[in-house]
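What follows is the content of query-v4.cif, which has mmCIF, C-alpha atoms and all ligand atoms:
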data_coords
#
loop_
_atom_site.label_atom_id
_atom_site.label_comp_id
_atom_site.auth_asym_id
_atom_site.auth_seq_id
_atom_site.Cartn_x
_atom_site.Cartn_y
_atom_site.Cartn_z
CA MET N 1 -28.07 -0.02 21.72
CA ASN N 2 -25.72 1.15 24.46
CA GLU N 3 -24.82 4.78 25.02
CA ILE N 4 -21.40 4.66 23.34
CA GLN N 5 -22.83 2.99 20.22
CA ASP N 6 -25.61 5.56 20.14
CA GLN N 7 -23.26 8.55 20.49
CA LEU N 8 -20.92 7.21 17.81
CA ALA N 9 -23.81 6.58 15.41
CA ARG N 10 -25.10 10.13 15.86
CA TRP N 11 -21.65 11.60 15.50
CA PHE N 12 -21.17 9.56 12.30
CA GLU N 13 -24.41 10.73 10.73
CA ALA N 14 -23.45 14.35 11.43
CA HIS N 15 -19.76 14.24 10.44
CA LYS N 16 -19.07 11.41 8.01
CA ARG N 17 -17.25 12.22 4.80
CA VAL N 18 -19.17 11.72 1.59
CA LEU N 19 -17.28 8.98 -0.23
CA PRO N 20 -18.34 7.13 -3.39
CA TRP N 21 -18.13 3.64 -1.87
CA ARG N 22 -20.38 4.79 0.97
CA SER N 23 -23.20 5.97 -1.29
CA GLU N 24 -23.20 2.62 -3.10
CA PRO N 25 -21.64 0.03 -0.77
CA SER N 26 -21.69 -3.00 -3.07
CA PRO N 27 -19.25 -5.76 -2.04
CA TYR N 28 -17.04 -4.90 -5.04
CA HIS N 29 -16.93 -1.20 -4.09
CA VAL N 30 -16.27 -1.92 -0.41
CA TRP N 31 -13.56 -4.46 -1.18
CA LEU N 32 -11.82 -2.25 -3.75
CA SER N 33 -11.86 0.80 -1.48
CA GLU N 34 -10.58 -1.19 1.50
CA ILE N 35 -7.66 -2.68 -0.44
CA ILE N 36 -6.72 0.70 -1.93
CA LEU N 37 -7.00 2.51 1.40
CA GLN N 38 -4.70 0.14 3.29
CA GLN N 39 -1.57 2.22 4.03
CA THR N 40 -2.93 5.07 1.87
CA ARG N 41 -4.57 8.37 2.81
CA VAL N 42 -8.20 8.81 1.75
CA ASN N 43 -7.46 11.79 -0.54
CA GLN N 44 -4.88 9.88 -2.53
CA GLY N 45 -6.86 6.61 -2.43
CA LEU N 46 -10.03 8.28 -3.68
CA ASP N 47 -8.36 9.27 -6.91
CA TYR N 48 -7.14 5.71 -7.51
CA TYR N 49 -10.54 4.27 -6.56
CA LEU N 50 -12.32 6.46 -9.12
CA ARG N 51 -9.84 5.50 -11.83
CA PHE N 52 -10.24 1.78 -11.07
CA ILE N 53 -14.04 2.05 -11.15
CA ALA N 54 -13.98 4.05 -14.39
CA ARG N 55 -11.74 1.46 -16.07
CA TRP N 56 -13.23 -1.68 -14.48
CA PRO N 57 -16.82 -0.84 -13.35
CA GLU N 58 -17.59 -4.37 -12.13
CA LEU N 59 -15.54 -7.23 -10.73
CA PRO N 60 -15.62 -9.35 -13.94
CA ASP N 61 -14.04 -6.43 -15.81
CA LEU N 62 -11.15 -6.34 -13.35
CA ALA N 63 -10.77 -10.13 -13.47
CA ARG N 64 -10.36 -9.94 -17.26
CA ALA N 65 -7.55 -7.34 -17.05
CA THR N 66 -3.91 -8.46 -17.22
CA GLU N 67 -1.70 -8.24 -14.14
CA GLU N 68 0.47 -5.71 -15.94
CA GLU N 69 -2.54 -3.42 -16.55
CA VAL N 70 -3.50 -3.62 -12.89
CA LEU N 71 0.06 -2.89 -11.75
CA LYS N 72 0.21 0.05 -14.11
CA MET N 73 -3.04 1.47 -12.72
CA TRP N 74 -1.70 0.92 -9.19
CA GLN N 75 1.59 2.67 -9.94
CA GLY N 76 2.50 5.18 -7.23
CA LEU N 77 0.50 3.55 -4.43
CA GLY N 78 3.35 1.28 -3.30
CA TYR N 79 2.99 -2.12 -1.62
CA TYR N 80 2.57 -3.76 -5.03
CA SER N 81 1.75 -7.18 -3.57
CA ARG N 82 -1.64 -5.65 -2.74
CA ALA N 83 -2.25 -4.98 -6.44
CA ARG N 84 -1.25 -8.50 -7.41
CA ASN N 85 -3.47 -9.95 -4.67
CA LEU N 86 -6.33 -7.70 -5.75
CA HIS N 87 -6.13 -9.09 -9.25
CA THR N 88 -5.84 -12.71 -8.06
CA CYS N 89 -8.79 -12.19 -5.71
CA ALA N 90 -11.00 -10.88 -8.55
CA ARG N 91 -10.22 -14.03 -10.52
CA GLU N 92 -10.88 -16.26 -7.49
CA VAL N 93 -14.29 -14.64 -6.97
CA MET N 94 -15.10 -15.38 -10.62
CA GLU N 95 -13.95 -18.98 -10.43
CA ARG N 96 -15.21 -19.97 -6.98
CA HIS N 97 -18.26 -17.75 -6.49
CA GLY N 98 -19.54 -16.99 -9.99
CA GLY N 99 -18.41 -13.36 -9.86
CA ALA N 100 -20.19 -12.35 -6.61
CA PHE N 101 -18.44 -11.98 -3.26
CA PRO N 102 -19.79 -14.54 -0.75
CA ALA N 103 -21.87 -13.15 2.14
CA ASP N 104 -19.84 -15.17 4.59
CA TYR N 105 -16.85 -14.11 6.70
CA ALA N 106 -15.04 -17.48 6.55
CA GLN N 107 -15.35 -17.70 2.76
CA LEU N 108 -14.25 -14.08 2.32
CA ARG N 109 -11.23 -14.82 4.49
CA GLN N 110 -10.18 -17.60 2.06
CA LEU N 111 -9.74 -15.14 -0.79
CA LYS N 112 -6.32 -13.80 -1.75
CA GLY N 113 -5.32 -10.59 0.05
CA ILE N 114 -8.35 -10.61 2.34
CA GLY N 115 -7.27 -10.73 5.98
CA ASP N 116 -9.29 -10.45 9.18
CA TYR N 117 -9.80 -6.73 8.82
CA THR N 118 -10.91 -6.69 5.17
CA ALA N 119 -13.19 -9.73 5.62
CA ALA N 120 -14.89 -8.02 8.58
CA ALA N 121 -15.21 -4.75 6.64
CA ILE N 122 -16.85 -6.41 3.61
CA ALA N 123 -19.06 -8.68 5.77
CA SER N 124 -20.33 -5.79 7.89
CA ILE N 125 -20.46 -2.88 5.45
CA ALA N 126 -21.65 -4.71 2.33
CA PHE N 127 -23.73 -7.47 3.97
CA ASP N 128 -24.49 -6.05 7.46
CA LEU N 129 -23.12 -9.17 9.14
CA PRO N 130 -22.01 -8.81 12.80
CA HIS N 131 -18.21 -8.75 12.49
CA ALA N 132 -16.18 -6.04 14.22
CA VAL N 133 -13.33 -4.37 12.33
CA VAL N 134 -10.07 -3.39 13.98
CA ASP N 135 -7.87 -0.97 12.05
CA GLY N 136 -5.35 1.62 13.26
CA ASN N 137 -8.12 4.09 14.08
CA VAL N 138 -10.09 1.52 16.05
CA TYR N 139 -6.98 0.54 18.03
CA ARG N 140 -6.48 4.17 19.00
CA VAL N 141 -10.07 4.87 20.01
CA LEU N 142 -10.44 1.64 22.02
CA SER N 143 -7.06 1.95 23.71
CA ARG N 144 -8.10 5.39 24.95
CA LEU N 145 -11.70 4.60 25.73
CA TYR N 146 -10.66 1.68 27.95
CA ASP N 147 -7.17 3.03 28.80
CA ILE N 148 -5.34 -0.10 27.65
CA ASP N 149 -1.53 -0.21 27.75
CA THR N 150 -1.11 -3.64 26.11
CA PRO N 151 0.95 -3.09 22.90
CA ILE N 152 -1.29 -3.18 19.86
CA ASN N 153 1.40 -4.86 17.75
CA LYS N 154 1.82 -7.88 20.07
CA GLN N 155 -0.30 -11.00 19.74
CA GLU N 156 -1.82 -10.45 23.17
CA GLY N 157 -2.92 -6.93 22.16
CA VAL N 158 -4.38 -8.08 18.85
CA LYS N 159 -6.55 -10.63 20.69
CA LEU N 160 -7.59 -8.22 23.41
CA PHE N 161 -8.61 -5.45 21.02
CA ALA N 162 -10.52 -7.90 18.79
CA THR N 163 -12.52 -8.95 21.87
CA LEU N 164 -13.18 -5.35 22.94
CA ALA N 165 -14.25 -4.34 19.43
CA ASP N 166 -16.60 -7.33 19.29
CA GLU N 167 -18.14 -6.45 22.67
CA LEU N 168 -18.74 -2.87 21.57
CA LEU N 169 -20.23 -3.87 18.17
CA ASP N 170 -23.79 -2.75 17.49
CA ARG N 171 -25.16 -6.07 16.23
CA LYS N 172 -28.23 -4.49 14.67
CA HIS N 173 -26.21 -2.05 12.54
CA PRO N 174 -22.70 -3.52 12.31
CA GLY N 175 -21.83 -1.77 9.03
CA ARG N 176 -22.71 1.69 10.29
CA HIS N 177 -21.11 1.03 13.68
CA ASN N 178 -17.79 -0.11 12.20
CA GLN N 179 -17.63 2.84 9.85
CA ALA N 180 -18.55 5.22 12.67
CA LEU N 181 -15.76 3.93 14.92
CA MET N 182 -13.15 4.10 12.15
CA GLU N 183 -14.31 7.53 10.99
CA PHE N 184 -14.34 8.82 14.55
CA GLY N 185 -10.69 7.75 14.93
CA ALA N 186 -9.77 9.27 11.56
CA LEU N 187 -11.41 12.65 12.13
CA HIS N 188 -11.91 13.26 15.85
CA CYS N 189 -9.86 11.02 18.15
CA LEU N 190 -6.65 11.92 16.28
CA PRO N 191 -3.17 10.58 17.10
CA SER N 192 -2.09 13.99 18.38
CA ASN N 193 -4.43 16.70 19.65
CA PRO N 194 -7.68 14.72 19.75
CA ASP N 195 -10.64 17.00 20.31
CA CYS N 196 -11.47 15.76 23.82
CA PRO N 197 -13.44 18.85 24.92
CA GLN N 198 -15.96 18.29 22.08
CA CYS N 199 -15.91 14.50 22.26
CA PRO N 200 -19.34 12.82 22.32
CA ILE N 201 -18.00 9.87 24.37
CA GLN N 202 -15.71 11.78 26.73
CA ALA N 203 -17.80 10.76 29.77
CA HIS N 204 -16.79 7.13 29.06
CA CYS N 205 -13.14 7.76 28.18
CA LEU N 206 -10.84 6.27 30.83
CA ALA N 207 -7.65 7.63 29.26
CA LEU N 208 -9.07 11.14 29.50
CA ALA N 209 -9.90 10.54 33.16
CA HIS N 210 -6.43 9.09 33.84
CA HIS N 211 -4.54 11.73 31.77
CA THR N 212 -2.98 9.06 29.56
CA VAL N 213 -4.52 10.04 26.20
CA ALA N 214 -1.13 11.01 24.70
CA GLN N 215 0.36 7.62 25.70
CA ARG N 216 -2.34 5.56 23.98
CA PRO N 217 -2.11 3.35 22.04
CA VAL N 218 1.11 1.65 23.13
CA LYS N 219 3.23 0.19 20.35
CA GLU N 220 6.32 -1.96 20.78
CA LYS N 221 9.44 -0.73 18.99
CA ARG N 222 9.69 -1.72 15.35
CA LEU N 223 12.21 -4.03 13.75
CA GLN N 224 15.49 -2.53 12.69
CA VAL N 225 15.36 -0.97 9.27
CA LYS N 226 17.86 -2.33 6.74
CA THR N 227 19.65 0.06 4.37
CA ARG N 228 20.30 -1.05 0.78
CA HIS N 229 22.35 0.88 -1.78
CA PHE N 230 21.10 0.64 -5.36
CA HIS N 231 23.42 1.84 -8.12
CA TYR N 232 21.25 1.98 -11.20
CA LEU N 233 22.86 1.65 -14.61
CA VAL N 234 20.94 3.67 -17.16
CA LEU N 235 22.59 2.48 -20.35
CA ARG N 236 21.61 4.66 -23.31
CA SER N 237 22.54 3.67 -26.84
CA SER N 238 23.15 6.01 -29.79
CA ASP N 239 19.74 4.99 -31.17
CA HIS N 240 17.99 5.97 -27.90
CA HIS N 241 17.36 2.60 -26.30
CA VAL N 242 17.88 1.54 -22.70
CA TYR N 243 17.95 -1.74 -20.81
CA LEU N 244 15.08 -2.37 -18.42
CA HIS N 245 15.14 -4.95 -15.68
CA LYS N 246 12.08 -6.97 -14.65
CA ARG N 247 12.23 -7.60 -10.91
CA GLY N 248 11.89 -11.17 -9.74
CA PRO N 249 10.20 -12.92 -6.81
CA ASN N 250 11.25 -12.84 -3.12
CA ASP N 251 12.17 -9.18 -3.08
CA ILE N 252 10.54 -5.79 -3.28
CA TRP N 253 8.67 -4.65 -6.41
CA GLN N 254 8.07 -8.11 -7.86
CA ASN N 255 7.24 -7.95 -11.61
CA LEU N 256 7.80 -4.20 -11.81
CA TYR N 257 10.49 -2.74 -14.02
CA ASP N 258 13.59 -0.79 -13.07
CA PHE N 259 17.07 -0.47 -14.56
CA PRO N 260 19.90 -2.99 -14.21
CA CYS N 261 21.28 -2.46 -10.74
CA ILE N 262 24.40 -3.06 -8.71
CA GLU N 263 23.32 -3.50 -5.13
CA THR N 264 25.68 -3.18 -2.17
CA ASP N 265 25.52 -2.70 1.60
CA GLN N 266 27.65 0.43 1.33
CA PRO N 267 27.94 3.08 -1.39
CA ILE N 268 30.66 2.25 -3.93
CA GLU N 269 33.13 4.50 -5.67
CA ILE N 270 32.68 5.33 -9.35
CA GLU N 271 35.94 3.51 -10.22
CA ASP N 272 34.63 0.29 -8.70
CA LEU N 273 31.36 0.75 -10.52
CA LEU N 274 33.11 1.19 -13.88
CA SER N 275 35.01 -2.06 -13.49
CA HIS N 276 32.08 -3.99 -12.01
CA PRO N 277 31.35 -7.31 -13.81
CA THR N 278 27.63 -6.39 -14.13
CA LEU N 279 28.44 -3.24 -16.07
CA LEU N 280 31.08 -4.99 -18.18
CA ALA N 281 28.64 -7.78 -19.06
CA LEU N 282 25.96 -5.28 -20.09
CA THR N 283 28.27 -3.13 -22.22
CA SER N 284 29.85 -6.29 -23.73
CA GLU N 285 33.10 -4.59 -24.62
CA LYS N 286 31.43 -1.65 -26.35
CA LYS N 287 32.86 1.82 -25.89
CA PHE N 288 30.99 3.85 -23.34
CA SER N 289 31.30 7.05 -21.36
CA ILE N 290 29.71 8.26 -18.14
CA GLY N 291 26.91 10.77 -18.57
CA GLN N 292 24.79 12.32 -15.85
CA ILE N 293 25.09 11.02 -12.30
CA SER N 294 21.96 11.71 -10.31
CA HIS N 295 21.74 12.85 -6.72
CA LYS N 296 21.03 10.15 -4.15
CA TYR N 297 17.35 9.28 -3.77
CA THR N 298 16.21 8.03 -0.38
CA HIS N 299 13.21 5.75 -0.62
CA LYS N 300 11.70 4.41 2.60
CA LEU N 301 9.80 1.13 2.74
CA THR N 302 8.42 -0.62 5.81
CA HIS N 303 11.56 -2.52 6.85
CA GLN N 304 14.16 -1.09 4.55
CA THR N 305 15.56 2.15 3.24
CA ILE N 306 16.77 2.27 -0.33
CA ILE N 307 19.49 4.78 -1.20
CA ALA N 308 19.50 4.93 -4.97
CA GLN N 309 21.73 6.69 -7.45
CA PHE N 310 21.34 6.63 -11.23
CA PHE N 311 24.39 6.48 -13.49
CA GLU N 312 23.86 7.33 -17.11
CA ILE N 313 26.14 5.21 -19.30
CA LYS N 314 26.34 6.46 -22.87
CA ILE N 315 27.00 3.62 -25.27
CA ASP N 316 28.82 4.32 -28.49
CA GLY N 317 26.61 2.31 -30.87
CA PHE N 318 23.69 -0.03 -30.35
CA LEU N 319 22.77 -2.17 -27.38
CA SER N 320 22.38 -5.86 -28.16
CA PRO N 321 19.32 -7.79 -26.92
CA ILE N 322 20.27 -9.91 -23.90
CA GLN N 323 19.32 -13.55 -23.73
CA THR N 324 17.84 -13.49 -20.24
CA LYS N 325 14.16 -13.11 -19.42
CA ASP N 326 14.68 -10.31 -16.92
CA ILE N 327 16.61 -7.79 -19.05
CA LEU N 328 14.90 -6.23 -22.03
CA LEU N 329 15.65 -3.52 -24.50
CA ALA N 330 13.18 -0.62 -24.69
CA PRO N 331 13.01 2.79 -26.37
CA GLU N 332 14.27 5.30 -23.79
CA ASN N 333 11.11 7.40 -23.91
CA ASP N 334 8.61 4.54 -24.01
CA PHE N 335 8.09 3.55 -20.40
CA GLY N 336 4.34 4.04 -20.78
CA GLY N 337 3.44 0.37 -20.89
CA PHE N 338 5.79 -0.86 -18.17
CA PRO N 339 4.78 -0.61 -14.53
CA VAL N 340 7.62 0.94 -12.54
CA PRO N 341 8.11 1.54 -8.79
CA LYS N 342 7.62 5.04 -7.41
CA LEU N 343 11.39 5.52 -7.08
CA ILE N 344 11.91 4.99 -10.83
CA GLU N 345 8.93 7.21 -11.61
CA ASN N 346 10.48 9.99 -9.51
CA TYR N 347 13.76 9.66 -11.36
CA LEU N 348 12.09 9.68 -14.80
CA ASN N 349 10.00 12.71 -13.87
CA GLN N 350 13.18 14.64 -13.13
CA GLN N 351 14.75 13.90 -16.54
S1 LIG K 401 -12.14 11.93 25.07
FE1 LIG K 401 -10.47 12.34 23.71
S2 LIG K 401 -9.20 10.51 23.79
FE2 LIG K 401 -11.17 9.98 24.66
S3 LIG K 401 -12.31 9.12 22.95
FE3 LIG K 401 -12.80 11.29 23.07
S4 LIG K 401 -11.37 12.29 21.65
FE4 LIG K 401 -10.60 10.23 22.07
#
Here is a file; write its structure as structure tokens.
Amino acid sequence: MNEIQDQLARWFEAHKRVLPWRSEPSPYHVWLSEIILQQTRVNQGLDYYLRFIARWPELPDLARATEEEVLKMWQGLGYYSRARNLHTCAREVMERHGGAFPADYAQLRQLKGIGDYTAAAIASIAFDLPHAVVDGNVYRVLSRLYDIDTPINKQEGVKLFATLADELLDRKHPGRHNQALMEFGALHCLPSNPDCPQCPIQAHCLALAHHTVAQRPVKEKRLQVKTRHFHYLVLRSSDHHVYLHKRGPNDIWQNLYDFPCIETDQPIEIEDLLSHPTLLALTSEKKFSIGQISHKYTHKLTHQTIIAQFFEIKIDGFLSPIQTKDILLAPENDFGGFPVPKLIENYLNQQ
């Protein structure tokens, strides 16, 4: 074992957080925790992890659940394609591997939602196979340790850091090594104010020697963020029903439920909204009046910002069922069974 591996292993044993998937690192536990923790902080993810395990203790239990149940359990975590992939993956493991994750990187990689990182994490942590993981924490630690200015979000950087991580891997204890490197990035070598004076590997850190710690890692500027304006129509009938809208493919929040929506590039005036064909089609010549108009909600996603406003439309009489698959009639206080995006949840919580 080289000195850096040794120092990281000791640091890990002394400082690692006690987490349920660490005490019992079965492939199912490792996989579930890794999928939940992508783009999610450990504190928030832990809560979801415990709820998933309580409801579906083993992989076959999760595979038997419906997609809607999984989406409902996932509600609030965002990035809902991860939940759909999680569910598909559980079913694939049942069908192709008899319910047990394969102890093989290439076969893991074939499963839905399992990319390079997750395959390496399961292979190394659950099976102790020699595959190096590279997550955001690892990028940061390695870019500082070796003082690398190649952007981590360019193909060249991805390749370079994968090679460096592989060279540094402790092949006798790959699971512990990978976790140590990630945990070290998460707790010690922080994005801002890393604790360099107390760092166990400071003697090897080139960025510290070159005074470039604050500039590492280098990231190329992100794509432009698109702004979308959602004008939600919350139609309420006299008998307390509303229309819900099931979101379709090729857009955000696939298969989740929101309200019928008029989407524009710019905000629209209330007069234009009231004469909009979507609203007229939904009210089908019934008498209606405008109720509460919400404030504007700003909801940020990776490449888009949603500015949403909710318009309560009070219908004089009943709402008729609509003959399209994506609009359904539901009691206004019975959203319990329908998975909804965080934005809709925020709105409902403020009612
Ligand atoms: S010396 Fe500082 S920047 Fe370098 S690895 Fe340690 S904590 Fe990170």
(Q) Nearest residue to Leu256 (chain N) out of N:Ser81, N:Gln38, N:Asn153, N:Ser33, using all atoms listed in the file? (A)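 The answer is N:Ser81, which sits nearest to Leu256 (chain N).
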With 10 Å as the cut-off and only C-alpha atoms and all ligand atoms counted, what is the closest atom pair between each nearby residue of chain N and ligand LIG 401 (chain K)? Distances in Å to one decimal, ordered by chain and number, as a tab-separated table.
residue	atom	partner	partner_atom	distance
N:Arg140	CA	K:LIG401	FE4	7.9
N:Val141	CA	K:LIG401	S3	5.6
N:Leu142	CA	K:LIG401	S3	7.8
N:Ser143	CA	K:LIG401	S2	8.8
N:Arg144	CA	K:LIG401	S2	5.4
N:Leu145	CA	K:LIG401	S3	5.3
N:Tyr146	CA	K:LIG401	FE2	8.9
N:Asp147	CA	K:LIG401	FE2	9.0
N:Phe184	CA	K:LIG401	S4	8.4
N:Gly185	CA	K:LIG401	FE4	7.6
N:Leu187	CA	K:LIG401	S4	9.5
N:His188	CA	K:LIG401	S4	5.9
N:Cys189	CA	K:LIG401	S4	4.0
N:Leu190	CA	K:LIG401	S4	7.2
N:Pro191	CA	K:LIG401	FE4	8.9
N:Ser192	CA	K:LIG401	S2	9.6
N:Asn193	CA	K:LIG401	S4	8.5
N:Pro194	CA	K:LIG401	S4	4.8
N:Asp195	CA	K:LIG401	S4	5.0
N:Cys196	CA	K:LIG401	FE1	3.6
N:Pro197	CA	K:LIG401	S1	7.0
N:Gln198	CA	K:LIG401	S4	7.6
N:Cys199	CA	K:LIG401	FE3	4.5
N:Pro200	CA	K:LIG401	FE3	6.8
N:Ile201	CA	K:LIG401	FE3	5.5
N:Gln202	CA	K:LIG401	S1	3.9
N:Ala203	CA	K:LIG401	S1	7.4
N:His204	CA	K:LIG401	FE2	7.7
N:Cys205	CA	K:LIG401	FE2	4.6
N:Leu206	CA	K:LIG401	FE2	7.2
N:Ala207	CA	K:LIG401	FE2	6.3
N:Leu208	CA	K:LIG401	FE2	5.4
N:Ala209	CA	K:LIG401	S1	8.5
N:His211	CA	K:LIG401	S2	9.3
N:Thr212	CA	K:LIG401	S2	8.6
N:Val213	CA	K:LIG401	S2	5.3
N:Ala214	CA	K:LIG401	S2	8.1
N:Arg216	CA	K:LIG401	S2	8.5
*If we count all atoms listed in the file, what is near region 95-102 of chain N at a cut-off of 10 Å, once residues fewer than 2 positions away on the same chain are taken out, given as a list in words?*
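Residues near the query, excluding close chain neighbours: Ser26, Pro27, Tyr28, Trp31, Glu58, Leu59, Pro60, Ala63, Cys89, Ala90, Arg91, Glu92, Val93, Asp104, Tyr105, Ala106, Gln107, Leu108, Leu111, Ile122, Ala123, Ala126 and Phe127 of chain N.
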Output of the above residues as a short mmCIF file (atom, residue, chain, number, x, y, z; two decimals), in the coordinates of the input, restricted to C-alpha atoms:
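Below is the file result_32.cif, written as the result:
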data_model
loop_
_atom_site.label_atom_id
_atom_site.label_comp_id
_atom_site.auth_asym_id
_atom_site.auth_seq_id
_atom_site.Cartn_x
_atom_site.Cartn_y
_atom_site.Cartn_z
CA SER N 26 -21.69 -3.00 -3.07
CA PRO N 27 -19.25 -5.76 -2.04
CA TYR N 28 -17.04 -4.90 -5.04
CA TRP N 31 -13.56 -4.46 -1.18
CA GLU N 58 -17.59 -4.37 -12.13
CA LEU N 59 -15.54 -7.23 -10.73
CA PRO N 60 -15.62 -9.35 -13.94
CA ALA N 63 -10.77 -10.13 -13.47
CA CYS N 89 -8.79 -12.19 -5.71
CA ALA N 90 -11.00 -10.88 -8.55
CA ARG N 91 -10.22 -14.03 -10.52
CA GLU N 92 -10.88 -16.26 -7.49
CA VAL N 93 -14.29 -14.64 -6.97
CA ASP N 104 -19.84 -15.17 4.59
CA TYR N 105 -16.85 -14.11 6.70
CA ALA N 106 -15.04 -17.48 6.55
CA GLN N 107 -15.35 -17.70 2.76
CA LEU N 108 -14.25 -14.08 2.32
CA LEU N 111 -9.74 -15.14 -0.79
CA ILE N 122 -16.85 -6.41 3.61
CA ALA N 123 -19.06 -8.68 5.77
CA ALA N 126 -21.65 -4.71 2.33
CA PHE N 127 -23.73 -7.47 3.97
#
* Residue neighbourhood Ala65 (chain N), 12 Å, all atoms listed in the file, exclusion window fewer than 5 positions, as a list in words -> Phe52, Arg55, Trp56, Pro57, Glu58, Leu59, Pro60, Val70, Leu71, Lys72, Met73, Arg84, Leu86, His87, Thr88, Ala90 and Arg91 of chain N
- request: State, in Å with one decimal place, the distance from CA of Phe161 (chain N) to CA of Gly175 (chain N).
  value: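 The value is 18.2 Å.
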Any chance you could work out the axis-aligned box around region 50-54 of chain N, listed atoms only, 6 Å on each side, giving centre and edge lengths in Å to one decimal, as JSON?
{"center_x": -11.9, "center_y": 4.1, "center_z": -11.8, "size_x": 16.2, "size_y": 16.7, "size_z": 17.3}
Exercise: Leu160 (chain N) partners within 12 Å, only C-alpha atoms, chain neighbours under 5 positions left out, as a ChimeraX atom specification: /N:134,139,142-143,146,148-155,165-167
Under the rule of at most 7 Å, produce a per-residue listing of region 171-278 of chain N near region 298-321 of chain N: chain, number, name, the closest pair of atoms, and the distance in Å, as a tab-separated table, using only C-alpha atoms.
residue	atom	partner	partner_atom	distance
N:Val225	CA	N:His303	CA	4.8
N:Lys226	CA	N:Gln304	CA	4.5
N:Thr227	CA	N:Thr305	CA	4.7
N:Arg228	CA	N:Ile306	CA	5.0
N:His229	CA	N:Ile307	CA	4.9
N:Phe230	CA	N:Ala308	CA	4.6
N:His231	CA	N:Gln309	CA	5.2
N:Tyr232	CA	N:Phe310	CA	4.7
N:Leu233	CA	N:Phe311	CA	5.2
N:Val234	CA	N:Glu312	CA	4.7
N:Leu235	CA	N:Ile313	CA	4.6
N:Arg236	CA	N:Lys314	CA	5.1
N:Ser237	CA	N:Ile315	CA	4.7
N:Ser238	CA	N:Gly317	CA	5.2
N:Asp239	CA	N:Phe318	CA	6.4
Would you mind exporting the chosen residues as a PDB file, in the coordinates of the input, restricted to C-alpha atoms?
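Final file, selection.pdb:
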ATOM      1  CA  VAL N 225      15.360  -0.970   9.270  1.00  0.00           C
ATOM      2  CA  LYS N 226      17.860  -2.330   6.740  1.00  0.00           C
ATOM      3  CA  THR N 227      19.650   0.060   4.370  1.00  0.00           C
ATOM      4  CA  ARG N 228      20.300  -1.050   0.780  1.00  0.00           C
ATOM      5  CA  HIS N 229      22.350   0.880  -1.780  1.00  0.00           C
ATOM      6  CA  PHE N 230      21.100   0.640  -5.360  1.00  0.00           C
ATOM      7  CA  HIS N 231      23.420   1.840  -8.120  1.00  0.00           C
ATOM      8  CA  TYR N 232      21.250   1.980 -11.200  1.00  0.00           C
ATOM      9  CA  LEU N 233      22.860   1.650 -14.610  1.00  0.00           C
ATOM     10  CA  VAL N 234      20.940   3.670 -17.160  1.00  0.00           C
ATOM     11  CA  LEU N 235      22.590   2.480 -20.350  1.00  0.00           C
ATOM     12  CA  ARG N 236      21.610   4.660 -23.310  1.00  0.00           C
ATOM     13  CA  SER N 237      22.540   3.670 -26.840  1.00  0.00           C
ATOM     14  CA  SER N 238      23.150   6.010 -29.790  1.00  0.00           C
ATOM     15  CA  ASP N 239      19.740   4.990 -31.170  1.00  0.00           C
TER      16      ASP N 239
END
Requested in this report: Can you work out which one of N:Ser289, N:Tyr49, N:Ile35, N:His15 has the shortest atom-to-atom distance to Gly115 (chain N), counting only C-alpha atoms?
Outcome: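 Among the listed residues, the smallest separation from Gly115 (chain N) belongs to N:Ile35.
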Test item: residues at most 9 Å from Asp258 (chain N), only C-alpha atoms, excluding those fewer than 3 positions along its chain, as JSON, numbers by chain: {"N": [232, 243, 244, 245, 246, 247, 261, 339, 340, 341, 343, 344]}
Item to complete: Around the point (33.4, -0.3, -22.7) in the file's coordinates, collect all residues with an atom within 10 Å, using only C-alpha atoms, and return them as a PyMOL selection string.
Response: chain N and resi 274-275+279-289+313-316
